[in-house]
file final22.pdb (PDB, C-alpha atoms, pLDDT in the B column)
ATOM      1  CA  MET X 983     -36.677  47.429  10.089  1.00 47.00           C
ATOM      2  CA  LYS X 984     -39.288  44.819  11.045  1.00 42.00           C
ATOM      3  CA  LYS X 985     -41.058  45.383   7.732  1.00 42.00           C
ATOM      4  CA  HIS X 986     -37.827  44.702   5.842  1.00 47.00           C
ATOM      5  CA  LEU X 987     -37.230  41.527   7.844  1.00 41.00           C
ATOM      6  CA  LEU X 988     -40.747  40.301   7.095  1.00 42.00           C
ATOM      7  CA  ILE X 989     -40.269  40.975   3.376  1.00 41.00           C
ATOM      8  CA  PHE X 990     -36.931  39.148   3.430  1.00 40.00           C
ATOM      9  CA  ALA X 991     -38.410  36.184   5.325  1.00 41.00           C
ATOM     10  CA  SER X 992     -41.314  35.959   2.850  1.00 43.00           C
ATOM     11  CA  LEU X 993     -38.930  36.104  -0.105  1.00 38.00           C
ATOM     12  CA  LEU X 994     -36.718  33.401   1.428  1.00 39.00           C
ATOM     13  CA  PHE X 995     -39.748  31.177   2.038  1.00 39.00           C
ATOM     14  CA  TRP X 996     -40.903  31.696  -1.570  1.00 37.00           C
ATOM     15  CA  LEU X 997     -37.460  30.870  -2.952  1.00 37.00           C
ATOM     16  CA  ASN X 998     -37.211  27.740  -0.835  1.00 43.00           C
ATOM     17  CA  SER X 999     -40.696  26.654  -1.884  1.00 39.00           C
ATOM     18  CA  PHE X1000     -39.826  27.276  -5.528  1.00 39.00           C
ATOM     19  CA  GLY X1001     -36.630  25.259  -5.188  1.00 43.00           C
ATOM     20  CA  GLN X1002     -38.505  22.373  -3.554  1.00 43.00           C
ATOM     21  CA  GLU X1003     -41.142  22.453  -6.297  1.00 38.00           C
ATOM     22  CA  VAL X1004     -38.496  22.357  -9.021  1.00 41.00           C
ATOM     23  CA  SER X1005     -36.599  19.595  -7.226  1.00 63.00           C
ATOM     24  CA  GLU X1006     -39.775  17.542  -6.955  1.00 70.00           C
ATOM     25  CA  ASN X1007     -40.483  17.969 -10.659  1.00 69.00           C
ATOM     26  CA  ILE X1008     -36.922  16.941 -11.441  1.00 74.00           C
ATOM     27  CA  ARG X1009     -37.214  13.850  -9.259  1.00 74.00           C
ATOM     28  CA  LYS X1010     -40.365  12.730 -11.048  1.00 81.00           C
ATOM     29  CA  LYS X1011     -38.594  12.898 -14.392  1.00 89.00           C
ATOM     30  CA  TYR X1012     -35.768  10.484 -13.515  1.00 93.00           C
ATOM     31  CA  ASP X1013     -35.449   7.029 -12.049  1.00 94.00           C
ATOM     32  CA  TYR X1014     -32.770   8.359  -9.689  1.00 93.00           C
ATOM     33  CA  ILE X1015     -31.194  11.684  -8.833  1.00 92.00           C
ATOM     34  CA  ALA X1016     -28.128  12.047  -6.610  1.00 91.00           C
ATOM     35  CA  ASP X1017     -27.114  14.968  -4.428  1.00 88.00           C
ATOM     36  CA  PHE X1018     -25.542  17.965  -6.138  1.00 89.00           C
ATOM     37  CA  GLU X1019     -21.742  18.043  -6.247  1.00 89.00           C
ATOM     38  CA  GLU X1020     -19.960  21.119  -7.623  1.00 91.00           C
ATOM     39  CA  GLY X1021     -23.299  22.349  -8.959  1.00 91.00           C
ATOM     40  CA  PHE X1022     -24.281  19.167 -10.805  1.00 94.00           C
ATOM     41  CA  ALA X1023     -26.226  16.028  -9.971  1.00 92.00           C
ATOM     42  CA  VAL X1024     -25.973  12.558 -11.447  1.00 95.00           C
ATOM     43  CA  VAL X1025     -29.285  11.316 -12.868  1.00 95.00           C
ATOM     44  CA  ILE X1026     -30.357   7.927 -14.191  1.00 97.00           C
ATOM     45  CA  LEU X1027     -33.128   7.155 -16.646  1.00 96.00           C
ATOM     46  CA  ASN X1028     -33.738   3.743 -18.207  1.00 97.00           C
ATOM     47  CA  GLY X1029     -30.363   2.516 -16.999  1.00 97.00           C
ATOM     48  CA  LYS X1030     -28.399   5.383 -18.569  1.00 98.00           C
ATOM     49  CA  TYR X1031     -26.508   8.099 -16.710  1.00 98.00           C
ATOM     50  CA  GLY X1032     -26.073  11.820 -17.217  1.00 97.00           C
ATOM     51  CA  PHE X1033     -25.876  15.143 -15.359  1.00 97.00           C
ATOM     52  CA  ILE X1034     -28.202  18.041 -14.659  1.00 95.00           C
ATOM     53  CA  ASP X1035     -27.480  21.487 -13.270  1.00 93.00           C
ATOM     54  CA  LYS X1036     -29.415  23.102 -10.431  1.00 87.00           C
ATOM     55  CA  ASN X1037     -31.969  24.468 -12.877  1.00 88.00           C
ATOM     56  CA  GLY X1038     -32.747  20.933 -13.983  1.00 91.00           C
ATOM     57  CA  LYS X1039     -31.049  21.395 -17.357  1.00 93.00           C
ATOM     58  CA  GLU X1040     -29.379  18.298 -18.766  1.00 95.00           C
ATOM     59  CA  ILE X1041     -25.768  19.165 -19.546  1.00 95.00           C
ATOM     60  CA  THR X1042     -25.248  15.776 -21.200  1.00 92.00           C
ATOM     61  CA  ALA X1043     -27.402  13.327 -23.051  1.00 92.00           C
ATOM     62  CA  LEU X1044     -28.440  10.446 -20.813  1.00 96.00           C
ATOM     63  CA  LYS X1045     -26.309   7.909 -22.646  1.00 97.00           C
ATOM     64  CA  TYR X1046     -23.489   6.899 -20.335  1.00 98.00           C
ATOM     65  CA  ASP X1047     -23.110   3.458 -18.807  1.00 98.00           C
ATOM     66  CA  TYR X1048     -21.707   4.934 -15.585  1.00 98.00           C
ATOM     67  CA  VAL X1049     -20.356   8.252 -14.320  1.00 97.00           C
ATOM     68  CA  ASN X1050     -18.381   9.696 -11.440  1.00 96.00           C
ATOM     69  CA  VAL X1051     -19.236  13.022  -9.825  1.00 95.00           C
ATOM     70  CA  PHE X1052     -17.544  16.245 -10.923  1.00 96.00           C
ATOM     71  CA  SER X1053     -14.205  17.113  -9.394  1.00 95.00           C
ATOM     72  CA  GLU X1054     -12.221  20.203 -10.379  1.00 96.00           C
ATOM     73  CA  GLY X1055     -14.579  20.776 -13.314  1.00 96.00           C
ATOM     74  CA  PHE X1056     -14.201  17.298 -14.839  1.00 97.00           C
ATOM     75  CA  ALA X1057     -16.143  14.052 -14.480  1.00 98.00           C
ATOM     76  CA  GLY X1058     -15.086  10.560 -15.497  1.00 98.00           C
ATOM     77  CA  VAL X1059     -17.734   8.810 -17.605  1.00 98.00           C
ATOM     78  CA  GLU X1060     -18.061   5.338 -19.116  1.00 98.00           C
ATOM     79  CA  LEU X1061     -19.402   4.623 -22.597  1.00 98.00           C
ATOM     80  CA  ASN X1062     -19.262   1.243 -24.350  1.00 97.00           C
ATOM     81  CA  LYS X1063     -16.923  -0.112 -21.650  1.00 97.00           C
ATOM     82  CA  LYS X1064     -14.402   2.708 -22.116  1.00 98.00           C
ATOM     83  CA  TRP X1065     -13.801   5.689 -19.847  1.00 98.00           C
ATOM     84  CA  GLY X1066     -13.072   9.312 -20.641  1.00 98.00           C
ATOM     85  CA  PHE X1067     -13.801  12.731 -19.119  1.00 98.00           C
ATOM     86  CA  ILE X1068     -16.334  15.483 -19.758  1.00 98.00           C
ATOM     87  CA  ASP X1069     -16.207  19.106 -18.673  1.00 97.00           C
ATOM     88  CA  GLU X1070     -18.961  21.206 -17.066  1.00 96.00           C
ATOM     89  CA  ARG X1071     -20.491  21.980 -20.481  1.00 95.00           C
ATOM     90  CA  GLY X1072     -20.892  18.265 -21.115  1.00 96.00           C
ATOM     91  CA  LYS X1073     -18.155  18.300 -23.751  1.00 96.00           C
ATOM     92  CA  GLU X1074     -16.091  15.116 -24.014  1.00 96.00           C
ATOM     93  CA  VAL X1075     -12.597  16.491 -23.408  1.00 97.00           C
ATOM     94  CA  ILE X1076     -10.549  13.344 -22.736  1.00 98.00           C
ATOM     95  CA  ARG X1077     -11.222  10.580 -25.212  1.00 95.00           C
ATOM     96  CA  PHE X1078     -12.734   7.242 -24.308  1.00 98.00           C
ATOM     97  CA  LYS X1079      -9.835   4.818 -24.170  1.00 98.00           C
ATOM     98  CA  TYR X1080      -9.365   3.957 -20.511  1.00 98.00           C
ATOM     99  CA  GLU X1081     -10.568   0.886 -18.646  1.00 98.00           C
ATOM    100  CA  ASN X1082     -11.343   3.068 -15.647  1.00 98.00           C
ATOM    101  CA  ALA X1083     -10.977   6.722 -14.706  1.00 97.00           C
ATOM    102  CA  PHE X1084     -11.223   8.356 -11.303  1.00 96.00           C
ATOM    103  CA  TYR X1085     -11.269  11.909  -9.924  1.00 94.00           C
ATOM    104  CA  PHE X1086      -9.096  14.922 -10.563  1.00 95.00           C
ATOM    105  CA  ILE X1087      -7.267  15.962  -7.421  1.00 92.00           C
ATOM    106  CA  ARG X1088      -4.819  18.886  -7.643  1.00 92.00           C
ATOM    107  CA  GLY X1089      -4.933  18.667 -11.428  1.00 95.00           C
ATOM    108  CA  ILE X1090      -4.234  14.957 -11.943  1.00 96.00           C
ATOM    109  CA  ALA X1091      -6.473  11.891 -12.135  1.00 97.00           C
ATOM    110  CA  LYS X1092      -5.820   8.176 -11.795  1.00 97.00           C
ATOM    111  CA  VAL X1093      -6.632   6.059 -14.871  1.00 98.00           C
ATOM    112  CA  VAL X1094      -6.370   2.404 -15.873  1.00 98.00           C
ATOM    113  CA  LEU X1095      -5.075   1.324 -19.291  1.00 98.00           C
ATOM    114  CA  ASN X1096      -4.134  -2.203 -20.367  1.00 98.00           C
ATOM    115  CA  GLY X1097      -4.547  -3.334 -16.796  1.00 98.00           C
ATOM    116  CA  LYS X1098      -2.016  -0.787 -15.478  1.00 98.00           C
ATOM    117  CA  GLN X1099      -2.607   2.302 -13.378  1.00 98.00           C
ATOM    118  CA  GLY X1100      -1.105   5.777 -13.578  1.00 98.00           C
ATOM    119  CA  TYR X1101      -2.050   9.454 -13.650  1.00 98.00           C
ATOM    120  CA  ILE X1102      -2.952  11.989 -16.339  1.00 98.00           C
ATOM    121  CA  ASN X1103      -3.455  15.748 -16.343  1.00 97.00           C
ATOM    122  CA  LYS X1104      -6.380  17.654 -17.806  1.00 97.00           C
ATOM    123  CA  THR X1105      -4.866  17.640 -21.289  1.00 96.00           C
ATOM    124  CA  ASP X1106      -4.628  13.822 -21.242  1.00 97.00           C
ATOM    125  CA  ASN X1107      -0.854  13.741 -20.876  1.00 97.00           C
ATOM    126  CA  GLU X1108       0.652  11.067 -18.651  1.00 96.00           C
ATOM    127  CA  VAL X1109       2.199  12.953 -15.757  1.00 96.00           C
ATOM    128  CA  ILE X1110       2.992   9.711 -13.955  1.00 97.00           C
ATOM    129  CA  PRO X1111       3.449   6.684 -16.249  1.00 97.00           C
ATOM    130  CA  ILE X1112       0.625   4.165 -16.513  1.00 98.00           C
ATOM    131  CA  ILE X1113       2.811   1.270 -15.356  1.00 98.00           C
ATOM    132  CA  TYR X1114       1.665   0.420 -11.851  1.00 98.00           C
ATOM    133  CA  GLY X1115      -0.208  -2.654 -10.699  1.00 98.00           C
ATOM    134  CA  PHE X1116      -1.824  -0.424  -8.088  1.00 98.00           C
ATOM    135  CA  ALA X1117      -1.829   3.340  -7.654  1.00 97.00           C
ATOM    136  CA  GLY X1118      -3.525   4.906  -4.662  1.00 96.00           C
ATOM    137  CA  ASP X1119      -5.174   8.271  -4.218  1.00 93.00           C
ATOM    138  CA  PHE X1120      -2.877  11.158  -3.412  1.00 93.00           C
ATOM    139  CA  LYS X1121      -3.086  12.294   0.182  1.00 90.00           C
ATOM    140  CA  LYS X1122      -0.988  15.286   1.158  1.00 90.00           C
ATOM    141  CA  GLY X1123       0.829  14.900  -2.151  1.00 93.00           C
ATOM    142  CA  LEU X1124       1.776  11.233  -1.687  1.00 96.00           C
ATOM    143  CA  ALA X1125       0.333   7.971  -3.025  1.00 97.00           C
ATOM    144  CA  VAL X1126       1.053   4.302  -2.376  1.00 98.00           C
ATOM    145  CA  VAL X1127       1.953   2.329  -5.541  1.00 98.00           C
ATOM    146  CA  SER X1128       2.977  -1.194  -6.500  1.00 98.00           C
ATOM    147  CA  LEU X1129       5.183  -2.238  -9.415  1.00 98.00           C
ATOM    148  CA  ASN X1130       6.110  -5.813 -10.301  1.00 97.00           C
ATOM    149  CA  GLY X1131       4.924  -7.021  -6.923  1.00 97.00           C
ATOM    150  CA  LYS X1132       6.901  -4.428  -4.934  1.00 98.00           C
ATOM    151  CA  TRP X1133       5.438  -1.489  -3.035  1.00 98.00           C
ATOM    152  CA  GLY X1134       6.468   2.090  -2.339  1.00 98.00           C
ATOM    153  CA  ILE X1135       5.234   5.681  -2.199  1.00 98.00           C
ATOM    154  CA  ILE X1136       5.515   8.390  -4.877  1.00 98.00           C
ATOM    155  CA  ASN X1137       4.887  12.126  -4.916  1.00 96.00           C
ATOM    156  CA  GLU X1138       2.827  14.073  -7.465  1.00 94.00           C
ATOM    157  CA  LEU X1139       5.843  14.324  -9.786  1.00 94.00           C
ATOM    158  CA  GLY X1140       6.151  10.535  -9.851  1.00 96.00           C
ATOM    159  CA  LYS X1141       9.350  10.561  -7.770  1.00 97.00           C
ATOM    160  CA  GLU X1142       9.760   7.680  -5.347  1.00 97.00           C
ATOM    161  CA  VAL X1143       9.646   9.052  -1.819  1.00 97.00           C
ATOM    162  CA  ILE X1144       9.694   5.526  -0.421  1.00 98.00           C
ATOM    163  CA  SER X1145      11.503   3.139  -2.783  1.00 98.00           C
ATOM    164  CA  VAL X1146       9.335   0.638  -4.614  1.00 98.00           C
ATOM    165  CA  LYS X1147      11.100  -2.343  -3.058  1.00 98.00           C
ATOM    166  CA  TYR X1148       8.988  -3.424  -0.104  1.00 98.00           C
ATOM    167  CA  GLU X1149       6.630  -6.385   0.207  1.00 98.00           C
ATOM    168  CA  TYR X1150       3.949  -3.955   1.313  1.00 98.00           C
ATOM    169  CA  VAL X1151       3.658  -0.288   2.280  1.00 98.00           C
ATOM    170  CA  GLU X1152       0.905   1.695   3.990  1.00 97.00           C
ATOM    171  CA  GLU X1153       0.398   5.442   3.733  1.00 95.00           C
ATOM    172  CA  PHE X1154       1.960   7.881   6.179  1.00 96.00           C
ATOM    173  CA  THR X1155       0.340   8.413   9.562  1.00 94.00           C
ATOM    174  CA  GLU X1156       1.837  10.893  11.983  1.00 96.00           C
ATOM    175  CA  GLY X1157       4.851  11.283   9.701  1.00 95.00           C
ATOM    176  CA  LEU X1158       5.757   7.596   9.419  1.00 97.00           C
ATOM    177  CA  ALA X1159       4.932   4.904   6.859  1.00 97.00           C
ATOM    178  CA  LYS X1160       4.615   1.233   7.764  1.00 98.00           C
ATOM    179  CA  VAL X1161       6.650  -1.102   5.549  1.00 98.00           C
ATOM    180  CA  ARG X1162       7.101  -4.868   5.319  1.00 98.00           C
ATOM    181  CA  LEU X1163      10.346  -6.547   4.302  1.00 98.00           C
ATOM    182  CA  ASN X1164      11.265 -10.229   4.712  1.00 97.00           C
ATOM    183  CA  ASP X1165       7.836 -10.690   6.307  1.00 98.00           C
ATOM    184  CA  LYS X1166       8.687  -8.239   9.106  1.00 98.00           C
ATOM    185  CA  TRP X1167       7.197  -4.812   9.815  1.00 98.00           C
ATOM    186  CA  GLY X1168       8.768  -1.483  10.670  1.00 98.00           C
ATOM    187  CA  PHE X1169       8.462   2.254   9.979  1.00 98.00           C
ATOM    188  CA  VAL X1170      10.300   4.775   7.812  1.00 98.00           C
ATOM    189  CA  ASN X1171      10.082   8.562   7.630  1.00 97.00           C
ATOM    190  CA  THR X1172       9.732  10.752   4.537  1.00 94.00           C
ATOM    191  CA  ASN X1173      13.503  10.530   3.955  1.00 96.00           C
ATOM    192  CA  GLU X1174      13.159   6.729   4.023  1.00 96.00           C
ATOM    193  CA  ASN X1175      15.240   6.518   7.154  1.00 97.00           C
ATOM    194  CA  ILE X1176      14.266   3.519   9.276  1.00 97.00           C
ATOM    195  CA  VAL X1177      12.788   5.012  12.448  1.00 96.00           C
ATOM    196  CA  ILE X1178      11.289   1.815  13.886  1.00 97.00           C
ATOM    197  CA  PRO X1179      13.364  -1.290  13.011  1.00 97.00           C
ATOM    198  CA  ILE X1180      11.850  -3.674  10.463  1.00 98.00           C
ATOM    199  CA  LYS X1181      11.684  -6.621  12.839  1.00 98.00           C
ATOM    200  CA  TYR X1182       8.130  -6.903  14.144  1.00 98.00           C
ATOM    201  CA  ASP X1183       5.772  -9.774  13.365  1.00 98.00           C
ATOM    202  CA  ARG X1184       2.816  -7.384  13.502  1.00 97.00           C
ATOM    203  CA  ALA X1185       2.322  -3.645  13.836  1.00 97.00           C
ATOM    204  CA  THR X1186      -0.646  -1.284  13.803  1.00 97.00           C
ATOM    205  CA  ILE X1187      -0.402   2.330  12.580  1.00 93.00           C
ATOM    206  CA  PHE X1188       0.514   5.262  14.782  1.00 94.00           C
ATOM    207  CA  TYR X1189      -2.181   6.914  16.859  1.00 93.00           C
ATOM    208  CA  ASP X1190      -1.299   9.558  19.442  1.00 95.00           C
ATOM    209  CA  GLY X1191       2.357   8.705  19.032  1.00 96.00           C
ATOM    210  CA  ARG X1192       2.204   4.999  19.794  1.00 96.00           C
ATOM    211  CA  ILE X1193       1.481   1.658  18.155  1.00 97.00           C
ATOM    212  CA  ALA X1194       0.827  -1.937  19.147  1.00 97.00           C
ATOM    213  CA  VAL X1195       3.427  -4.449  17.958  1.00 98.00           C
ATOM    214  CA  LYS X1196       4.086  -8.175  18.248  1.00 97.00           C
ATOM    215  CA  LEU X1197       7.560  -9.664  18.570  1.00 97.00           C
ATOM    216  CA  ASN X1198       8.548 -13.216  19.492  1.00 95.00           C
ATOM    217  CA  GLY X1199       4.991 -13.970  20.536  1.00 96.00           C
ATOM    218  CA  LYS X1200       4.770 -10.926  22.853  1.00 96.00           C
ATOM    219  CA  GLU X1201       2.366  -8.035  22.265  1.00 97.00           C
ATOM    220  CA  PHE X1202       3.139  -4.584  23.614  1.00 97.00           C
ATOM    221  CA  GLU X1203       3.100  -0.881  22.714  1.00 97.00           C
ATOM    222  CA  ILE X1204       5.960   1.338  21.609  1.00 97.00           C
ATOM    223  CA  ASN X1205       6.412   5.043  20.883  1.00 97.00           C
ATOM    224  CA  LYS X1206       8.017   6.721  17.865  1.00 95.00           C
ATOM    225  CA  LYS X1207      11.473   6.138  19.293  1.00 92.00           C
ATOM    226  CA  GLY X1208      10.830   2.413  19.438  1.00 93.00           C
ATOM    227  CA  GLU X1209      10.676   2.498  23.228  1.00 95.00           C
ATOM    228  CA  CYS X1210       8.242   0.195  24.991  1.00 96.00           C
ATOM    229  CA  VAL X1211       5.508   2.161  26.792  1.00 96.00           C
ATOM    230  CA  LYS X1212       2.952  -0.509  27.729  1.00 95.00           C
ATOM    231  CA  ASN X1213       2.873  -4.256  28.466  1.00 95.00           C
ATOM    232  CA  CYS X1214       6.638  -4.367  28.082  1.00 94.00           C
ATOM    233  CA  PRO X1215       8.105  -7.860  27.698  1.00 89.00           C
TER     234      PRO X1215
END

call {"tool": "encode", "arguments": {"input": "final22.pdb", "output": "structure tokens"}}
result
Amino acid sequence: MKKHLLIFASLLFWLNSFGQEVSENIRKKYDYIADFEEGFAVVILNGKYGFIDKNGKEITALKYDYVNVFSEGFAGVELNKKWGFIDERGKEVIRFKYENAFYFIRGIAKVVLNGKQGYINKTDNEVIPIIYGFAGDFKKGLAVVSLNGKWGIINELGKEVISVKYEYVEEFTEGLAKVRLNDKWGFVNTNENIVIPIKYDRATIFYDGRIAVKLNGKEFEINKKGECVKNCP
């Protein structure tokens, strides 16, 4: 048993040493090498970007102006001031037409076209129209968006969960989203029912079931029922 453990320990040490030696050789070849993400690392040489695998093999030519890391098998890359996507073989699978391109999350990625933001799938079809002035990252299937100066929240099908009608909206925390209307703040739930009246001059976000608010010059804390729990006026 001890003999087998010694053999295994020696083999592990040799493999680690080999990996370090290869990594050092790789580092010497490039001006910069990032950490590996999904089995690939971003490298830079003479101001151009590309990717290598863990064997040090370049999966793309080092020709891109900028790149994002791989996510769900795709990476957004910039070439001649246009963005597209490559797959893990380095093949350009979504053509270079976007002004910016982000990460695939649950099969969709945010892109920018003609100054507007929206979302595409992996076959370059718009799954949520590229019409928004701002489109946030999806968190738990929901994203904050703005359209024509109004704010709301959509789901991954593009359906408005919180109507795009508010002066500002923040993402859900503890089941409630903070909204501003007529320069006052309040909170709505996922059915867009007003849970905390939209009347406060200032409001933080919920933490442990309570928030700090300001009303008529007074600052105090309330719970999710709107009841004062600290520093009550």

call {"tool": "closest_residue", "arguments": {"input": "final22.pdb", "among": "X:Asp1017, X:Asp1183, X:Asp1119, X:Glu1060", "to": "Leu1044 in chain X", "atoms": "all atoms listed in the file"}}
result
X:Glu1060

call {"tool": "residues_around", "arguments": {"input": "final22.pdb", "residues": "Ser1128 in chain X", "least_positions_apart": "4", "cutoff": "6 Å", "atoms": "only C-alpha atoms", "output": "count of residues only"}}
result
5

call {"tool": "closest_atom_pairs", "arguments": {"input": "final22.pdb", "of": "range 1106-1163 of chain X", "to": "range 1074-1092 of chain X", "cutoff": "12 Å", "atoms": "all atoms listed in the file", "output": "Markdown table"}}
result
| residue | atom | partner | partner_atom | distance |
| --- | --- | --- | --- | --- |
| X:Asp1106 | CA | X:Ile1076 | CA | 6.1 |
| X:Asn1107 | CA | X:Ile1090 | CA | 9.6 |
| X:Glu1108 | CA | X:Ile1090 | CA | 9.2 |
| X:Val1109 | CA | X:Ile1090 | CA | 7.7 |
| X:Ile1110 | CA | X:Ile1090 | CA | 9.2 |
| X:Pro1111 | CA | X:Lys1092 | CA | 10.4 |
| X:Ile1112 | CA | X:Lys1092 | CA | 8.9 |
| X:Ile1113 | CA | X:Lys1092 | CA | 11.6 |
| X:Tyr1114 | CA | X:Lys1092 | CA | 10.8 |
| X:Phe1116 | CA | X:Lys1092 | CA | 10.2 |
| X:Ala1117 | CA | X:Lys1092 | CA | 7.5 |
| X:Gly1118 | CA | X:Lys1092 | CA | 8.2 |
| X:Asp1119 | CA | X:Lys1092 | CA | 7.6 |
| X:Phe1120 | CA | X:Ile1087 | CA | 7.6 |
| X:Lys1121 | CA | X:Ile1087 | CA | 9.4 |
| X:Lys1122 | CA | X:Arg1088 | CA | 10.3 |
| X:Gly1123 | CA | X:Arg1088 | CA | 8.8 |
| X:Leu1124 | CA | X:Ile1087 | CA | 11.7 |
| X:Ala1125 | CA | X:Lys1092 | CA | 10.7 |
| X:Val1127 | CA | X:Lys1092 | CA | 11.6 |
| X:Asn1137 | CA | X:Ile1090 | CA | 11.9 |
| X:Glu1138 | CA | X:Ile1090 | CA | 8.4 |
| X:Leu1139 | CA | X:Ile1090 | CA | 10.3 |
| X:Gly1140 | CA | X:Ile1090 | CA | 11.5 |

call {"tool": "atom_distance", "arguments": {"input": "final22.pdb", "atom1": "CA of Gly1208 in chain X", "atom2": "CA of Glu1174 in chain X"}}
result
16.2 Å

call {"tool": "resolve_selection", "arguments": {"input": "final22.pdb", "expression": "the PyMOL selection byres ((chain X and resi 1012) around 9)", "output": "list in words"}}
result
Ile1008, Arg1009, Lys1010, Lys1011, Asp1013, Tyr1014, Ile1015, Val1025, Ile1026, Leu1027 and Asn1028 of chain X

call {"tool": "residues_around", "arguments": {"input": "final22.pdb", "residues": "Val1143 in chain X", "least_positions_apart": "4", "cutoff": "8 Å", "atoms": "all atoms listed in the file", "output": "PyMOL selection string"}}
result
chain X and resi 1134-1137+1172-1174

call {"tool": "closest_residue", "arguments": {"input": "final22.pdb", "among": "X:Tyr1148, X:Phe1202, X:Tyr1101, X:Phe1067", "to": "Asp1165 in chain X", "atoms": "all atoms listed in the file"}}
result
X:Tyr1148

call {"tool": "atom_distance", "arguments": {"input": "final22.pdb", "atom1": "CA of Thr1186 in chain X", "atom2": "CA of Glu1203 in chain X"}}
result
9.7 Å

call {"tool": "resolve_selection", "arguments": {"input": "final22.pdb", "expression": "the PyMOL selection byres ((chain X and resi 1200) around 12)", "output": "list in words"}}
result
Tyr1182, Asp1183, Arg1184, Ala1185, Ala1194, Val1195, Lys1196, Leu1197, Asn1198, Gly1199, Glu1201, Phe1202, Glu1203, Cys1210, Lys1212, Asn1213, Cys1214 and Pro1215 of chain X

call {"tool": "residues_around", "arguments": {"input": "final22.pdb", "residues": "Ala1057 in chain X", "least_positions_apart": "2", "cutoff": "6 Å", "atoms": "all atoms listed in the file", "output": "PyMOL selection string"}}
result
chain X and resi 1050-1052+1067-1068
